[in-house]
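Here is the file data29.cif (mmCIF, C-alpha atoms).
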```
data_query
#
loop_
_atom_site.label_atom_id
_atom_site.label_comp_id
_atom_site.auth_asym_id
_atom_site.auth_seq_id
_atom_site.Cartn_x
_atom_site.Cartn_y
_atom_site.Cartn_z
CA MET A 1 99.01 83.46 68.00
CA GLU A 2 101.82 86.00 67.82
CA VAL A 3 103.89 86.38 70.96
CA VAL A 4 104.58 90.03 71.75
CA GLU A 5 107.95 90.87 73.24
CA LYS A 6 107.41 92.22 76.76
CA ILE A 7 110.59 94.28 77.01
CA VAL A 8 111.23 97.56 75.19
CA TYR A 9 114.94 98.33 75.04
CA PRO A 10 115.71 102.07 75.09
CA ASP A 11 118.70 101.74 72.80
CA GLU A 12 116.51 100.14 70.12
CA ILE A 13 113.62 102.61 70.11
CA THR A 14 115.17 105.03 67.63
CA GLY A 15 117.55 102.70 65.83
CA PHE A 16 120.43 105.15 66.23
CA SER A 17 123.65 103.37 65.31
CA THR A 18 126.27 105.99 66.22
CA GLU A 19 127.12 108.19 69.18
CA GLU A 20 126.66 111.22 66.92
CA HIS A 21 123.03 110.27 66.30
CA ARG A 22 122.43 109.73 70.01
CA PHE A 23 124.07 113.05 70.87
CA GLU A 24 122.14 115.00 68.24
CA PRO A 25 118.76 113.29 67.78
CA TYR A 26 116.88 116.51 67.00
CA SER A 27 116.94 116.17 63.24
CA TRP A 28 115.31 112.75 63.66
CA TYR A 29 112.67 114.23 65.99
CA ARG A 30 112.04 116.98 63.45
CA GLU A 31 111.59 114.43 60.67
CA MET A 32 109.21 112.32 62.77
CA ARG A 33 107.12 115.34 63.76
CA THR A 34 106.81 116.36 60.12
CA SER A 35 106.38 113.02 58.36
CA HIS A 36 105.33 110.49 61.02
CA PRO A 37 103.71 112.33 63.96
CA VAL A 38 101.98 109.08 64.96
CA TYR A 39 104.19 106.13 64.16
CA PHE A 40 103.91 102.39 64.80
CA ASP A 41 107.31 100.78 65.36
CA PRO A 42 106.95 97.23 63.96
CA LYS A 43 110.14 96.05 65.64
CA GLN A 44 109.21 97.14 69.15
CA LYS A 45 105.47 96.82 68.49
CA VAL A 46 104.78 100.18 70.11
CA TRP A 47 103.10 103.40 68.99
CA ASN A 48 105.15 106.60 69.14
CA VAL A 49 103.63 110.09 69.18
CA PHE A 50 105.70 113.21 68.48
CA LEU A 51 103.34 116.20 68.57
CA TYR A 52 102.52 118.02 71.78
CA ARG A 53 98.75 117.80 71.36
CA ASP A 54 98.95 114.03 70.79
CA VAL A 55 101.26 113.48 73.74
CA GLU A 56 98.94 115.56 75.92
CA ARG A 57 95.96 113.47 74.80
CA VAL A 58 97.73 110.18 75.53
CA LEU A 59 98.86 111.35 78.96
CA SER A 60 95.51 112.79 80.01
CA ASP A 61 92.99 110.30 78.59
CA TYR A 62 93.73 107.36 80.90
CA GLN A 63 90.50 105.54 80.00
CA LEU A 64 91.58 105.15 76.39
CA PHE A 65 95.36 105.14 76.94
CA SER A 66 95.85 103.26 80.20
CA SER A 67 99.23 103.23 81.92
CA LYS A 68 98.60 99.69 83.10
CA ASN A 69 100.29 97.14 80.87
CA ASP A 70 102.48 94.06 80.91
CA ARG A 71 105.30 95.74 79.03
CA LYS A 72 108.03 97.93 80.43
CA LEU A 73 111.20 99.68 79.43
CA SER A 74 114.10 97.46 80.40
CA SER A 75 115.61 100.33 82.41
CA PHE A 76 112.63 100.39 84.79
CA PRO A 77 112.56 97.48 87.24
CA VAL A 78 109.50 95.80 88.65
CA ILE A 79 109.76 95.89 92.44
CA GLY A 80 106.99 93.45 93.09
CA LYS A 81 103.66 92.25 91.78
CA GLU A 82 101.70 94.90 93.67
CA GLU A 83 104.40 97.58 93.69
CA ARG A 84 104.08 99.71 90.59
CA SER A 85 105.64 103.05 89.82
CA LEU A 86 103.58 106.20 89.29
CA THR A 87 104.14 105.90 85.54
CA SER A 88 102.31 102.56 85.48
CA MET A 89 99.25 103.66 87.47
CA ASP A 90 95.90 105.15 86.46
CA PRO A 91 93.60 107.32 88.58
CA PRO A 92 92.40 107.13 91.27
CA LEU A 93 95.47 105.30 92.66
CA HIS A 94 97.83 107.46 90.60
CA SER A 95 96.18 110.64 91.91
CA LYS A 96 96.45 109.43 95.51
CA ARG A 97 100.12 108.45 95.27
CA ARG A 98 101.08 111.55 93.29
CA GLY A 99 99.31 113.74 95.82
CA LEU A 100 101.53 112.35 98.58
CA VAL A 101 104.69 112.97 96.58
CA ALA A 102 103.60 116.42 95.37
CA LYS A 103 103.47 117.76 98.94
CA ALA A 104 107.26 117.68 99.06
CA PHE A 105 107.61 119.66 95.83
CA THR A 106 105.37 122.68 96.32
CA PRO A 107 107.08 126.07 95.79
CA LYS A 108 106.79 126.75 99.53
CA SER A 109 108.35 123.43 100.49
CA LEU A 110 111.17 123.75 97.98
CA LYS A 111 111.93 127.27 99.20
CA THR A 112 112.74 125.87 102.64
CA TRP A 113 115.09 123.39 100.99
CA GLU A 114 117.01 126.03 99.04
CA PRO A 115 119.92 126.30 101.52
CA ARG A 116 120.36 122.53 101.57
CA ILE A 117 120.22 122.31 97.78
CA VAL A 118 122.95 124.97 97.60
CA THR A 119 125.01 122.86 100.04
CA VAL A 120 124.55 119.76 97.88
CA ALA A 121 125.57 121.67 94.75
CA GLN A 122 128.67 122.96 96.57
CA TYR A 123 129.52 119.40 97.63
CA TRP A 124 129.69 118.21 94.01
CA LEU A 125 131.58 121.31 92.91
CA ASP A 126 134.16 120.52 95.59
CA GLN A 127 134.49 116.98 94.21
CA ILE A 128 135.59 118.28 90.80
CA ARG A 129 137.48 121.39 91.91
CA GLU A 130 140.93 119.79 91.57
CA GLN A 131 140.26 117.90 88.33
CA ASP A 132 142.13 119.00 85.21
CA THR A 133 139.05 118.38 83.05
CA ILE A 134 135.40 117.85 83.89
CA ASP A 135 132.32 116.53 82.16
CA LEU A 136 129.63 118.98 83.24
CA VAL A 137 126.84 116.44 82.65
CA TYR A 138 128.34 113.40 84.34
CA ASP A 139 130.26 115.26 87.05
CA LEU A 140 127.52 117.70 88.08
CA ALA A 141 124.20 117.65 86.19
CA ILE A 142 123.58 113.93 86.75
CA PRO A 143 124.65 113.45 90.40
CA LEU A 144 123.15 116.73 91.64
CA PRO A 145 119.39 115.88 91.36
CA VAL A 146 119.95 112.32 92.63
CA THR A 147 121.78 113.68 95.66
CA VAL A 148 119.08 116.26 96.33
CA ILE A 149 116.53 113.43 96.32
CA ALA A 150 118.76 111.52 98.75
CA GLU A 151 118.84 114.57 100.99
CA LEU A 152 115.05 114.91 100.83
CA LEU A 153 114.77 111.27 101.91
CA GLY A 154 117.08 111.82 104.86
CA VAL A 155 120.21 110.11 103.53
CA PRO A 156 123.30 111.61 105.25
CA ALA A 157 126.06 113.16 103.15
CA SER A 158 128.42 110.30 103.97
CA ASP A 159 126.15 107.93 101.99
CA TRP A 160 125.34 110.14 98.99
CA LYS A 161 127.80 108.38 96.70
CA GLN A 162 126.42 104.96 97.64
CA PHE A 163 122.87 106.20 97.02
CA LYS A 164 123.99 107.41 93.59
CA LEU A 165 125.47 103.98 92.79
CA TRP A 166 122.17 102.28 93.71
CA SER A 167 120.20 104.78 91.61
CA ASP A 168 122.48 104.22 88.62
CA ALA A 169 122.04 100.46 88.83
CA ILE A 170 118.25 100.73 89.12
CA ILE A 171 117.57 103.10 86.22
CA SER A 172 120.49 102.39 83.88
CA PRO A 173 119.30 101.51 80.36
CA GLY A 174 119.71 97.91 79.34
CA SER A 175 120.24 96.10 76.07
CA ARG A 176 119.57 92.62 74.81
CA ASP A 177 123.22 91.69 75.35
CA THR A 178 123.37 92.91 78.95
CA TYR A 179 119.77 92.37 80.05
CA ALA A 180 120.29 89.29 82.26
CA GLU A 181 123.19 90.88 84.11
CA SER A 182 121.33 94.19 84.43
CA VAL A 183 118.35 92.44 86.04
CA LYS A 184 120.62 90.87 88.68
CA GLU A 185 122.32 94.20 89.34
CA ARG A 186 118.98 96.03 89.67
CA SER A 187 117.58 93.41 92.02
CA ARG A 188 120.65 93.67 94.22
CA ALA A 189 120.54 97.49 94.23
CA LEU A 190 116.79 97.56 94.96
CA LYS A 191 117.16 95.23 97.94
CA GLU A 192 120.15 97.10 99.34
CA MET A 193 118.42 100.48 98.92
CA ALA A 194 115.20 99.20 100.51
CA ASP A 195 117.10 97.70 103.46
CA TYR A 196 118.92 101.00 103.88
CA LEU A 197 115.86 103.28 103.61
CA LEU A 198 113.44 101.30 105.78
CA PRO A 199 115.08 102.31 109.11
CA ILE A 200 115.20 105.94 107.97
CA ILE A 201 111.49 105.80 107.08
CA GLY A 202 110.77 104.18 110.46
CA LYS A 203 112.52 107.00 112.32
CA LYS A 204 110.66 109.65 110.32
CA GLU A 205 107.35 107.93 111.04
CA ALA A 206 108.16 107.74 114.76
CA VAL A 207 108.94 111.48 114.82
CA ARG A 208 105.72 112.24 112.94
CA ARG A 209 103.64 110.25 115.41
CA MET A 210 105.35 111.84 118.39
CA THR A 211 104.78 115.30 116.96
CA SER A 212 101.12 114.54 116.22
CA SER A 213 100.53 113.27 119.76
CA ARG A 214 101.81 116.55 121.23
CA ILE A 215 99.38 118.67 119.22
#
```
Mind turning the file's structure into C-alpha cells?
Amino acid sequence: MEVVEKIVYPDEITGFSTEEHRFEPYSWYREMRTSHPVYFDPKQKVWNVFLYRDVERVLSDYQLFSSKNDRKLSSFPVIGKEERSLTSMDPPLHSKRRGLVAKAFTPKSLKTWEPRIVTVAQYWLDQIREQDTIDLVYDLAIPLPVTVIAELLGVPASDWKQFKLWSDAIISPGSRDTYAESVKERSRALKEMADYLLPIIGKKEAVRRMTSSRI
C-alpha cells in the first residue's frame, strides 16, 4: 500500500526555484488557468484548481469536497486533536464557529473600530518614520492587520510586537529542511500565546456576565 505524505510544504507547491518566480507568479497562474485548470500534482499528491467556478464549487460543496482531512499545510499548526481551525471544518460546526467570529466583522462593528484602526496604523507609521529606507510590505502591510487583530482581542499596545512575533512563528511557512525546528517554534509560540490570552478572555467573559446580570 502506498504511504501518502501527510505534510504539504508551501514552498514546493509551485516548484518555483527563484525569487523572481515567487515575486511574479502570475504568468504561471495564467498558464495553469489556460492549460491545466484542474491539475493533479503527483509530487504533493494534491489536486489544484485554478478557475473561479471550480474554486467556488470546491469551497461550497462540502459533502463532496470535505475540509476534514489528515493532511495539512506545514505552515498551519495543529493545536490539539479536537481543536481544528475554521478551514478544516465542515457545516454545521463550521457555520456555528464562523457565525461567532463574523459578529466582530460586520460593517457596523468595524465602523466603531475605525478610530482604533487609525491609531494602530499611525503606530506602525511612527515606527518607520526615522528609517532611511522602508519595505512597505514588511514594515507596514504585514504587521498592520496582525496588530489590528491583537487590538480586537484586547492585547495592549505594549505587547503588540510580542503578539506579532507569536503570529509569525505560528503561521510562517516551513520546508523539509526546517520542519522539525519550525514545529518546536510553533508549539512554543502557541503555548505562550494561549497562556497570555486566557486571562484576557477570562476578564472579557467576567465583564460580559456582569453586564448581562444588570439587564
Quick one: residues within 7 Å of region 157-166 of chain A, only C-alpha atoms counted, chain neighbours fewer than 4 positions away excluded, as a short mmCIF file (atom, residue, chain, number, x, y, z; two decimals) with C-alpha atoms, in the frame of the given file?
```
data_model
loop_
_atom_site.label_atom_id
_atom_site.label_comp_id
_atom_site.auth_asym_id
_atom_site.auth_seq_id
_atom_site.Cartn_x
_atom_site.Cartn_y
_atom_site.Cartn_z
CA PRO A 143 124.65 113.45 90.40
CA VAL A 146 119.95 112.32 92.63
CA THR A 147 121.78 113.68 95.66
CA ALA A 150 118.76 111.52 98.75
CA ILE A 170 118.25 100.73 89.12
CA ALA A 189 120.54 97.49 94.23
CA MET A 193 118.42 100.48 98.92
#
```
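Selection by the PyMOL selection byres ((chain A and resi 191) around 12) on the present file picks out Pro77, Ile79, Gly80, Trp166, Ser167, Ala169, Ile170, Lys184, Glu185, Arg186, Ser187, Arg188, Ala189, Leu190, Glu192, Met193, Ala194, Asp195, Tyr196, Leu197 and Leu198 of chain A.
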> What is the CA of Arg98 (chain A)-CA of Asp61 (chain A) distance in Å, reported with one decimal?
Replying inline: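 Computed distance, CA of Arg98 (chain A) to CA of Asp61 (chain A), equals 16.8 Å.
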>> Once the PyMOL selection byres ((chain A and resi 51) around 12) has been evaluated on this model, what residues remain selected, and can you format them as a count of residues only?
In response: 21
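Residue nearest Phe105 (chain A), chosen from A:Ala180, A:Ile201, A:Val46, A:Val148 and counting only C-alpha atoms: A:Val148.
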Could the centre and edge lengths of an axis-aligned box, enclosing all atoms of region 100-115 of chain A in the file with 8 Å extra on each side, be given in Å to one decimal as AutoDock Vina command-line options?
```
--center_x 110.7 --center_y 119.8 --center_z 99.0 --size_x 34.4 --size_y 30.9 --size_z 23.3
```
>> Report, in Å to a single decimal, how far apart CA of Leu152 (chain A) and CA of Tyr123 (chain A) are.
In response: 15.5 Å
> Using all atoms listed in the file, what residues lie at most 12 Å away from (127.5, 114.6, 86.6) (file coordinates), given as a PyMOL selection string?
Replying inline: chain A and resi 121+124-125+127-128+134-147+161+164+168
